[in-house]
>>> print(open('model-v3.cif').read())   # mmCIF, C-alpha atoms and all ligand atoms
data_input
loop_
_atom_site.label_atom_id
_atom_site.label_comp_id
_atom_site.auth_asym_id
_atom_site.auth_seq_id
_atom_site.Cartn_x
_atom_site.Cartn_y
_atom_site.Cartn_z
CA MET A 1 0.00 0.00 0.00
CA ASN A 2 1.50 3.33 -1.03
CA GLY A 3 0.83 6.95 -0.45
CA VAL A 4 -1.35 8.28 2.32
CA VAL A 5 -2.48 5.44 4.50
CA GLY A 6 -5.34 5.47 6.91
CA ARG A 7 -5.82 9.17 7.38
CA ASN A 8 -7.81 9.86 10.51
CA VAL A 9 -11.53 9.96 10.28
CA VAL A 10 -12.56 13.57 10.31
CA LEU A 11 -15.66 15.56 10.11
CA ALA A 12 -15.78 17.34 6.80
CA ARG A 13 -18.09 19.79 5.18
CA VAL A 14 -20.01 18.31 2.31
CA ASP A 15 -20.13 20.80 -0.46
CA SER A 16 -20.44 20.30 -4.19
CA ALA A 17 -17.97 23.07 -5.09
CA THR A 18 -15.01 20.89 -4.26
CA PRO A 19 -11.36 21.53 -4.99
CA ARG A 20 -9.79 18.28 -6.17
CA ARG A 21 -6.39 16.72 -5.56
CA GLY A 22 -3.64 17.36 -8.12
CA ARG A 23 -3.15 14.39 -10.43
CA ASP A 24 -1.13 12.92 -13.24
CA GLY A 25 -3.59 10.43 -14.72
CA ALA A 26 -2.85 10.84 -18.40
CA ARG A 27 -5.43 8.24 -19.43
CA VAL A 28 -8.18 9.69 -17.33
CA LYS A 29 -10.70 12.08 -18.78
CA PRO A 30 -10.21 15.64 -17.53
CA ALA A 31 -12.42 16.97 -14.76
CA GLY A 32 -15.75 18.21 -15.98
CA THR A 33 -16.17 15.65 -18.74
CA ALA A 34 -18.85 13.02 -18.39
CA GLY A 35 -16.96 10.64 -16.13
CA HIS A 36 -17.81 7.10 -15.20
CA PHE A 37 -19.06 7.88 -11.77
CA GLN A 38 -20.34 11.27 -12.71
CA ASN A 39 -22.68 8.99 -14.53
CA ARG A 40 -22.27 6.36 -11.83
CA HIS A 41 -23.76 9.03 -9.56
CA ALA A 42 -20.94 11.01 -8.05
CA PRO A 43 -21.54 11.96 -4.47
CA PRO A 44 -20.79 15.39 -3.13
CA GLU A 45 -17.16 15.39 -2.03
CA PRO A 46 -15.85 16.28 1.37
CA ARG A 47 -14.31 19.69 0.93
CA ASP A 48 -11.71 19.53 3.60
CA ILE A 49 -10.30 16.36 5.03
CA THR A 50 -7.50 17.85 7.04
CA LYS A 51 -9.23 18.96 10.20
CA ARG A 52 -12.40 18.77 12.18
CA ALA A 53 -14.90 21.31 11.01
CA ALA A 54 -18.16 22.09 12.70
CA PRO A 55 -21.10 21.66 10.34
CA GLN A 56 -22.26 25.03 9.11
CA LYS A 57 -25.61 26.21 7.94
CA GLY A 58 -26.53 24.60 4.64
CA THR A 59 -23.88 21.91 4.93
CA VAL A 60 -23.97 18.36 6.24
CA ALA A 61 -21.44 16.68 8.46
CA ALA A 62 -19.94 13.45 7.19
CA THR A 63 -17.14 11.14 8.25
CA PHE A 64 -14.52 10.69 5.57
CA GLU A 65 -11.35 8.64 5.47
CA GLU A 66 -8.86 8.05 2.71
CA LEU A 67 -7.79 4.46 3.28
CA ASP A 68 -5.17 4.29 0.56
CA TRP A 69 -3.71 6.35 -2.20
CA SER A 70 -1.18 5.22 -4.81
CA ARG A 71 0.39 6.39 -8.02
CA THR A 72 -0.14 3.88 -10.80
CA PRO A 73 0.87 3.90 -14.46
CA ILE A 74 -2.59 5.21 -15.36
CA GLY A 75 -2.92 7.82 -12.64
CA GLU A 76 -3.57 8.18 -8.94
CA VAL A 77 -5.90 5.63 -7.46
CA SER A 78 -7.51 6.09 -4.07
CA LEU A 79 -9.84 4.23 -1.78
CA ARG A 80 -12.10 6.31 0.41
CA ARG A 81 -14.57 5.43 3.11
CA ARG A 82 -17.24 7.86 4.18
CA GLN A 83 -20.56 7.95 5.90
CA ASP A 84 -23.49 8.95 3.77
CA PRO A 85 -24.83 12.12 5.39
CA VAL A 86 -28.44 11.11 4.75
CA THR A 87 -28.60 7.33 5.18
CA ARG A 88 -25.63 7.16 7.62
CA GLU A 89 -24.51 4.12 5.63
CA ILE A 90 -20.72 3.55 5.42
CA LEU A 91 -19.70 3.77 1.76
CA PHE A 92 -16.51 2.76 -0.04
CA GLU A 93 -15.42 4.62 -3.16
CA VAL A 94 -12.63 4.16 -5.68
CA LYS A 95 -11.25 7.14 -7.59
CA LEU A 96 -8.83 7.10 -10.49
CA GLY A 97 -7.47 10.60 -10.96
CA ASP A 98 -10.57 12.76 -11.16
CA GLU A 99 -12.97 9.98 -11.91
CA PHE A 100 -15.03 7.85 -9.60
CA LEU A 101 -14.60 4.27 -10.76
CA MET A 102 -16.93 2.65 -8.31
CA SER A 103 -18.99 3.17 -5.16
CA SER A 104 -20.47 0.62 -2.82
CA ALA A 105 -23.61 2.79 -2.86
CA PHE A 106 -24.50 1.53 -6.33
CA THR A 107 -23.87 -2.14 -6.91
CA VAL A 108 -27.17 -3.38 -8.36
CA ALA A 109 -26.02 -3.39 -11.99
CA GLU A 110 -22.57 -4.79 -11.14
CA ILE A 111 -24.27 -7.72 -9.43
CA GLU A 112 -26.86 -8.08 -12.19
CA LEU A 113 -24.04 -8.24 -14.73
CA ALA A 114 -22.85 -11.52 -13.20
CA ARG A 115 -26.36 -12.86 -12.61
CA ILE A 116 -27.44 -12.22 -16.20
CA ALA A 117 -24.27 -13.76 -17.63
CA LEU A 118 -24.40 -16.94 -15.55
CA GLY A 119 -28.18 -17.18 -15.91
CA ARG A 120 -27.68 -17.92 -19.59
CA LEU A 121 -25.54 -20.97 -18.89
CA PRO A 122 -27.25 -24.31 -18.39
CA GLY A 123 -26.04 -26.57 -15.52
CA GLY A 124 -22.56 -28.03 -15.24
CA THR A 125 -19.41 -26.63 -13.75
CA LEU A 126 -18.39 -23.18 -14.86
CA ASP A 127 -15.04 -21.48 -15.32
CA VAL A 128 -15.43 -17.73 -15.32
CA ALA A 129 -13.19 -14.74 -16.04
CA VAL A 130 -14.06 -11.24 -14.84
CA GLY A 131 -12.33 -8.15 -16.21
CA GLY A 132 -12.04 -5.35 -13.62
CA LEU A 133 -12.08 -6.15 -9.89
CA GLY A 134 -13.13 -2.76 -8.47
CA LEU A 135 -14.89 -3.27 -5.16
CA GLY A 136 -15.54 -6.89 -6.09
CA TYR A 137 -19.35 -7.07 -6.24
CA THR A 138 -19.45 -8.69 -9.69
CA ALA A 139 -16.88 -11.27 -8.60
CA GLN A 140 -18.76 -11.95 -5.37
CA ARG A 141 -21.96 -12.63 -7.32
CA VAL A 142 -20.10 -15.04 -9.60
CA LEU A 143 -18.87 -16.99 -6.57
CA ALA A 144 -22.39 -17.11 -5.15
CA ASP A 145 -23.23 -19.48 -8.00
CA ALA A 146 -22.42 -22.96 -6.73
CA ARG A 147 -21.75 -24.18 -10.27
CA VAL A 148 -18.65 -22.00 -10.49
CA ARG A 149 -15.53 -24.15 -10.33
CA GLU A 150 -13.04 -21.37 -10.80
CA LEU A 151 -13.07 -17.61 -11.11
CA VAL A 152 -10.18 -15.61 -12.46
CA VAL A 153 -10.42 -11.85 -11.90
CA VAL A 154 -8.09 -9.72 -14.02
CA GLU A 155 -7.31 -6.33 -12.49
CA LEU A 156 -4.86 -3.78 -13.89
CA LEU A 157 -4.07 -1.92 -10.67
CA ARG A 158 -2.04 -3.67 -7.97
CA PRO A 159 -3.38 -1.44 -5.18
CA VAL A 160 -6.93 -2.54 -5.95
CA ILE A 161 -5.92 -6.17 -5.49
CA SER A 162 -4.07 -5.24 -2.28
CA TRP A 163 -7.19 -3.64 -0.82
CA HIS A 164 -9.00 -6.94 -1.19
CA ARG A 165 -6.10 -8.97 0.23
CA GLN A 166 -5.81 -6.64 3.22
CA GLY A 167 -9.54 -6.68 3.88
CA LEU A 168 -9.81 -2.92 3.37
CA VAL A 169 -12.96 -3.31 1.28
CA PRO A 170 -16.10 -5.15 2.43
CA VAL A 171 -16.04 -7.91 -0.20
CA GLY A 172 -12.28 -8.56 0.07
CA PRO A 173 -12.46 -11.25 2.78
CA THR A 174 -15.11 -13.20 0.82
CA LEU A 175 -13.10 -13.20 -2.39
CA THR A 176 -9.76 -13.98 -0.84
CA ALA A 177 -11.13 -16.76 1.40
CA ASP A 178 -12.74 -18.56 -1.52
CA ALA A 179 -10.34 -21.15 -2.94
CA ARG A 180 -12.13 -20.96 -6.29
CA CYS A 181 -11.11 -17.34 -6.79
CA ARG A 182 -7.80 -15.99 -8.10
CA LEU A 183 -7.03 -12.28 -8.39
CA ILE A 184 -4.58 -11.70 -11.22
CA GLN A 185 -2.79 -8.45 -11.96
CA GLY A 186 -2.83 -7.76 -15.67
CA ASP A 187 -4.27 -5.74 -18.53
CA PHE A 188 -7.47 -7.45 -19.59
CA PHE A 189 -7.28 -6.03 -23.12
CA GLU A 190 -3.67 -7.12 -23.65
CA MET A 191 -4.49 -10.55 -22.29
CA SER A 192 -7.43 -10.82 -24.66
CA ASP A 193 -5.08 -10.01 -27.53
CA GLY A 194 -2.67 -12.66 -26.29
CA GLU A 195 -3.03 -16.03 -24.60
CA GLY A 196 -6.08 -15.21 -22.54
CA PHE A 197 -6.97 -14.48 -18.97
CA ASP A 198 -5.21 -17.22 -17.03
CA PRO A 199 -1.40 -16.98 -17.15
CA GLU A 200 -1.17 -20.42 -15.49
CA TYR A 201 -3.11 -22.00 -18.36
CA PRO A 202 -2.38 -20.19 -21.63
CA SER A 203 -5.24 -20.31 -24.14
CA ARG A 204 -7.66 -21.54 -21.48
CA LEU A 205 -11.32 -21.40 -22.49
CA PHE A 206 -13.92 -19.91 -20.14
CA ASP A 207 -17.64 -20.56 -19.92
CA ALA A 208 -18.23 -16.89 -19.21
CA VAL A 209 -16.18 -13.75 -19.67
CA ILE A 210 -17.68 -10.80 -17.79
CA LEU A 211 -16.37 -7.30 -18.33
CA ASP A 212 -16.74 -4.15 -16.23
CA ILE A 213 -13.81 -1.85 -16.94
CA ASP A 214 -14.90 1.00 -19.17
CA HIS A 215 -17.84 3.36 -18.79
CA SER A 216 -19.34 1.90 -21.95
CA PRO A 217 -18.05 0.35 -25.19
CA LYS A 218 -17.66 3.90 -26.52
CA HIS A 219 -16.70 5.81 -23.41
CA LEU A 220 -13.35 4.36 -22.45
CA LEU A 221 -10.81 4.77 -19.66
CA ALA A 222 -8.05 4.49 -22.27
CA ASP A 223 -8.50 5.40 -25.92
CA GLU A 224 -6.29 2.52 -27.03
CA SER A 225 -8.91 0.04 -25.80
CA ALA A 226 -11.24 1.12 -28.64
CA LYS A 227 -10.08 -1.67 -30.93
CA PHE A 228 -11.09 -4.26 -28.32
CA TYR A 229 -14.73 -3.26 -28.82
CA GLY A 230 -14.51 -3.46 -32.63
CA PRO A 231 -15.09 -6.57 -34.76
CA LEU A 232 -11.49 -7.83 -34.64
CA GLY A 233 -11.12 -7.30 -30.90
CA THR A 234 -14.48 -8.93 -30.28
CA ARG A 235 -13.57 -11.95 -32.41
CA GLN A 236 -10.29 -12.26 -30.51
CA LEU A 237 -12.14 -12.01 -27.17
CA ALA A 238 -14.54 -14.73 -28.31
CA SER A 239 -11.58 -17.04 -28.96
CA HIS A 240 -11.19 -17.33 -25.15
CA ILE A 241 -14.80 -18.45 -24.65
CA ALA A 242 -15.93 -22.06 -24.88
CA GLU A 243 -18.65 -23.11 -27.32
CA GLY A 244 -22.02 -22.20 -25.82
CA GLY A 245 -20.26 -19.82 -23.43
CA VAL A 246 -21.31 -16.27 -22.61
CA TYR A 247 -19.82 -12.82 -22.90
CA ALA A 248 -21.34 -9.98 -20.85
CA VAL A 249 -20.37 -6.30 -20.63
CA TRP A 250 -21.49 -3.56 -18.23
CA SER A 251 -22.29 -0.14 -19.66
CA ASN A 252 -23.29 3.13 -18.10
CA ASP A 253 -24.90 4.27 -21.34
CA PRO A 254 -28.13 3.22 -23.03
CA PRO A 255 -27.80 0.33 -25.52
CA GLU A 256 -25.74 1.30 -28.57
CA GLN A 257 -26.86 -0.25 -31.83
CA ALA A 258 -23.32 -0.05 -33.24
CA TYR A 259 -21.98 -2.28 -30.45
CA LEU A 260 -24.92 -4.67 -30.74
CA ASP A 261 -24.07 -4.99 -34.44
CA VAL A 262 -20.43 -5.78 -33.63
CA LEU A 263 -21.49 -8.42 -31.10
CA ALA A 264 -23.91 -9.93 -33.63
CA GLU A 265 -21.04 -10.42 -36.11
CA VAL A 266 -19.33 -12.73 -33.63
CA PHE A 267 -21.96 -14.08 -31.22
CA VAL A 268 -25.56 -15.30 -31.29
CA ASP A 269 -28.50 -14.34 -29.05
CA VAL A 270 -27.14 -10.85 -28.58
CA ALA A 271 -29.15 -8.68 -26.19
CA ALA A 272 -28.90 -5.49 -24.17
CA ASP A 273 -30.69 -5.74 -20.81
CA ALA A 274 -31.61 -2.57 -18.96
CA VAL A 275 -30.95 -2.66 -15.21
CA HIS A 276 -32.88 -0.10 -13.16
CA PHE A 277 -32.10 0.96 -9.60
CA PRO A 278 -32.95 3.89 -7.37
CA ASN A 279 -30.54 6.79 -7.11
CA PRO A 280 -31.41 8.70 -3.94
CA LEU A 281 -28.72 11.31 -4.70
CA GLN A 282 -30.56 12.34 -7.81
CA GLY A 283 -34.02 11.45 -6.48
CA ARG A 284 -34.80 9.30 -9.50
CA GLU A 285 -34.35 5.90 -11.01
CA ALA A 286 -31.05 5.22 -12.78
CA THR A 287 -30.43 2.73 -15.57
CA ASN A 288 -27.35 0.81 -16.69
CA THR A 289 -27.05 -1.63 -19.57
CA VAL A 290 -25.79 -5.20 -19.59
CA TYR A 291 -24.82 -6.51 -23.02
CA VAL A 292 -24.94 -10.27 -23.19
CA ALA A 293 -24.14 -12.66 -26.01
CA THR A 294 -23.58 -16.38 -26.53
CA LYS A 295 -20.83 -18.10 -28.50
CA ALA A 296 -22.38 -20.50 -31.00
C1 LIG B 301 -15.77 0.00 -12.34
S1 LIG B 301 -14.53 -0.97 -11.65
C2 LIG B 301 -15.23 -2.60 -11.63
C3 LIG B 301 -16.35 -2.71 -10.63
C4 LIG B 301 -16.70 -4.14 -10.31
N1 LIG B 301 -17.60 -4.70 -11.32
C5 LIG B 301 -17.34 -4.25 -8.95
O1 LIG B 301 -18.34 -4.99 -8.81
O2 LIG B 301 -16.87 -3.59 -8.01
C6 LIG B 301 -13.38 -1.11 -13.00
C7 LIG B 301 -12.09 -1.81 -12.60
O3 LIG B 301 -11.35 -2.09 -13.80
C8 LIG B 301 -9.98 -1.88 -13.53
N2 LIG B 301 -9.27 -1.71 -14.81
C9 LIG B 301 -9.08 -0.58 -15.52
N3 LIG B 301 -8.43 -0.85 -16.67
C10 LIG B 301 -8.20 -2.19 -16.68
C11 LIG B 301 -7.57 -3.07 -17.60
N4 LIG B 301 -7.06 -2.62 -18.75
N5 LIG B 301 -7.48 -4.39 -17.29
C12 LIG B 301 -8.01 -4.86 -16.12
N6 LIG B 301 -8.62 -4.05 -15.20
C13 LIG B 301 -8.73 -2.74 -15.48
C14 LIG B 301 -9.99 -0.67 -12.61
O4 LIG B 301 -8.77 -0.53 -11.92
C15 LIG B 301 -11.18 -0.99 -11.72
O5 LIG B 301 -10.78 -1.74 -10.60
#
>>> encode(input="model-v3.cif", output="structure tokens")
Amino acid sequence: MNGVVGRNVVLARVDSATPRRGRDGARVKPAGTAGHFQNRHAPPEPRDITKRAAPQKGTVAATFEELDWSRTPIGEVSLRRRQDPVTREILFEVKLGDEFLMSSAFTVAEIELARIALGRLPGGTLDVAVGGLGLGYTAQRVLADARVRELVVVELLRPVISWHRQGLVPVGPTLTADARCRLIQGDFFEMSDGEGFDPEYPSRLFDAVILDIDHSPKHLLADESAKFYGPLGTRQLASHIAEGGVYAVWSNDPPEQAYLDVLAEVFVDVAADAVHFPNPLQGREATNTVYVATKA
């Protein structure tokens, strides 16, 4: 674990006009663009985490703690824990540079992603690969399926894997205690281009490959991943899936016909399922998309 570790819990003013930490995340969209978690429902940020501050009129007191912060090749990644000022629930959040990658406040679609993918597979024992560990809710849902023999989770950022191994995030102990689960540091897209998602078994075939890395097939963390979502990249991805196996992708955006067309070139039974869930921060229902397709 690098950087600032376990800063003290403080009371902080919650205020939407928030100065942000300096950063060097070259692959991260600049502040103010439509970010993942801006769409994944960015919370108001604590404005000041350095000292106790009495709540003032028009502001709400919240506990806030930065559990870890590290420089990575794609920018600064941090894990924060805070108490929701309204529900009092303890929330965990991952930020990459300016962008919120994930919050434990919104996990419905991440869990549905795994449920929808595995729901397409009839009986038997299943070997599953997940791209993008995050807070681990997709992986946890995969392991909840008793048919799963082995789960390989490919995660680019070492600190994210460390959080799980150290039990800093709620799902970490479940994933790391389950002998069926292996957390592998690697670039999912490079591995798809190469010998697949299990370095111990090159060219291994999976019954399901489940992806939650980018905001959507068009809105990417790294521009160079674009080719993965095109016809060639999709065909290459499919080469790691067993016959009758399933590919599923999370998206923050509504279904895109262009991506459905790409999937239909390679897979059969291509669909885009809408997943609805309440967003109390915005006082409305939110919707994510799960693309799902079967290898003939
Ligand atoms: C939105 S989070 C995944 C959330 C996860 N579904 C969950 O339930 O918590 C995306 C994750 O993908 C990881 N990631 C980003 N680029 C990656 C890459 N090229 N290969 C593998 N993982 C990557 C990020 O570090 C992050 O942990």
>>> residues_near_point(input="model-v3.cif", point="(-31.3, -5.0, -27.8)", cutoff="9 Å", atoms="all atoms listed in the file", output="PyMOL selection string")
chain A and resi 255-257+260+270-273+291
>>> residues_near_point(input="model-v3.cif", point="(-25.4, -26.6, -25.5)", cutoff="8 Å", atoms="all atoms listed in the file", output="PyMOL selection string")
chain A and resi 122+243-244
>>> atom_distance(input="model-v3.cif", atom1="CA of Val77 (chain A)", atom2="CA of Phe106 (chain A)")
19.1 Å
>>> axis_aligned_box(input="model-v3.cif", around="ligand LIG 301 (chain B)", padding_each_side="4 Å", output="AutoDock Vina command-line options")
--center_x -12.7 --center_y -2.5 --center_z -13.4 --size_x 19.3 --size_y 13.0 --size_z 18.7
>>> closest_atom_pairs(input="model-v3.cif", of="region 91-149 of chain A", to="region 212-230 of chain A", cutoff="9 Å", atoms="all atoms listed in the file", output="CSV")
residue,atom,partner,partner_atom,distance
A:Leu101,CA,A:His215,CA,8.7
A:Glu110,CA,A:Asp212,CA,7.8
A:Leu113,CA,A:Asp212,CA,8.5
A:Val130,CA,A:Asp212,CA,7.7
A:Gly131,CA,A:Asp212,CA,6.0
A:Gly132,CA,A:Ile213,CA,5.1
A:Leu133,CA,A:Asp212,CA,8.1
A:Gly134,CA,A:Ile213,CA,8.5
A:Thr138,CA,A:Asp212,CA,8.4
>>> residues_around(input="model-v3.cif", residues="Leu237 (chain A)", least_positions_apart="6", cutoff="9 Å", atoms="all atoms listed in the file", output="list of chain:residue names")
A:Phe189, A:Ser192, A:Asp193, A:Gly196, A:Val209, A:Phe228, A:Tyr247
